[in-house]
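To keep things clear, I will list the structure first and then write my remarks on it.
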Amino acid sequence: MAGSVHSDAYRSLLKALIALRTERAMSQADLAAKLHKPPSFVGKYELGERRLDVIELLVILRELDADFESFWTPAAITLPDRL
């Protein structure tokens, strides 16, 4: 399936989010509870079935005790030249 949801950059973002969650020793259910969402919310975005918007990403990072810069820099996500 084409589109930015399935781009290499987006998959790298999801991989980095999953790594951060596991570094924090949190299950999908733990994070979902902190977000006041069902566990399927976390599962769907981690599998790429649901796209995160910028605000959701920032809230997730806050609940994982990370700011955007400390998350983004080590993630080393290569952005595409165009959308």
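Simple scheme: letters A, B, ... for chains in structure tokens order, numbers from 1 for residues in each chain, numbers from 1 for ligands in the order shown.
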
Exercise for review: Fewer than 3 positions away in the same chain doesn't count, so skip those; otherwise give me all residues within 12 Å of Leu57 (chain A), counting only C-alpha atoms, as a PyMOL selection string.
Suggested key: chain A and resi 13-14+16-17+35+42+45-46+51-54+60-64+66-68+71-72

Exercise for review: Using only C-alpha atoms, determine which residues lie at most 12 Å from Ala29 (chain A), disregarding the query and same-chain residues fewer than 3 positions distant; provide the list as a list in words.
Suggested key: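 The filter keeps Arg21, Thr22, Ala25, Met26, Ala32, Ala33, Lys34, Leu35, His36, Lys37, Pro38, Pro39, Ser40, Phe41, Val42 and Gly43 of chain A.
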
Using the selection just defined, write its residues with C-alpha atoms as a PDB file, in the first residue's frame.
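The result, written out as part15.pdb:
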ATOM      1  CA  ARG A  21       8.172   2.241  25.221  1.00  0.00           C
ATOM      2  CA  THR A  22      10.082  -0.981  25.858  1.00  0.00           C
ATOM      3  CA  ALA A  25       9.482  -1.117  30.628  1.00  0.00           C
ATOM      4  CA  MET A  26       5.906  -0.339  29.634  1.00  0.00           C
ATOM      5  CA  ALA A  32      -2.745   2.965  26.813  1.00  0.00           C
ATOM      6  CA  ALA A  33      -3.894   3.348  30.430  1.00  0.00           C
ATOM      7  CA  LYS A  34      -1.713   6.458  30.834  1.00  0.00           C
ATOM      8  CA  LEU A  35      -3.238   7.833  27.625  1.00  0.00           C
ATOM      9  CA  HIS A  36      -6.792   6.947  28.759  1.00  0.00           C
ATOM     10  CA  LYS A  37      -7.190   4.882  25.597  1.00  0.00           C
ATOM     11  CA  PRO A  38      -7.892   1.194  24.977  1.00  0.00           C
ATOM     12  CA  PRO A  39      -4.823  -1.008  24.425  1.00  0.00           C
ATOM     13  CA  SER A  40      -5.854  -1.355  20.775  1.00  0.00           C
ATOM     14  CA  PHE A  41      -5.017   2.341  20.280  1.00  0.00           C
ATOM     15  CA  VAL A  42      -1.332   1.677  20.984  1.00  0.00           C
ATOM     16  CA  GLY A  43      -1.336  -1.623  19.133  1.00  0.00           C
TER      17      GLY A  43
END

Point to revise | Distance in Å - CA of Leu79 (chain A) versus CA of Arg11 (chain A) | key: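 If I compute the distance from CA of Leu79 (chain A) to CA of Arg11 (chain A), I get 11.2 Å.
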
Review point. In chain A, what's alpha helix (DSSP H) per DSSP? Answer as number ranges by chain?
Key: A: 8-23, 28-35, 39-46, 54-63, 68-75

Check your understanding: So how many Å separate CA of Glu56 (chain A) and CA of Leu31 (chain A), to one decimal?
Key ->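 According to the coordinates, CA of Glu56 (chain A) and CA of Leu31 (chain A) are separated by 12.7 Å.
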
Exercise for review: For Pro80 (chain A), work out the shell of residues within 12 Å, counting only C-alpha atoms and skipping chain neighbours fewer than 3 positions away, then give it as a list in words.
Suggested key: Ser4, Ser7, Asp8, Ala9, Tyr10, Ser12, Ile77 and Leu83 of chain A

Exercise for review: Determine the nearest neighbour of Lys44 (chain A) from the options A:Glu69, A:Ala76, A:Arg24, A:Ile18, counting only C-alpha atoms.
Suggested key: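 Looking at the shortest contact to Lys44 (chain A), the residue is A:Ile18.
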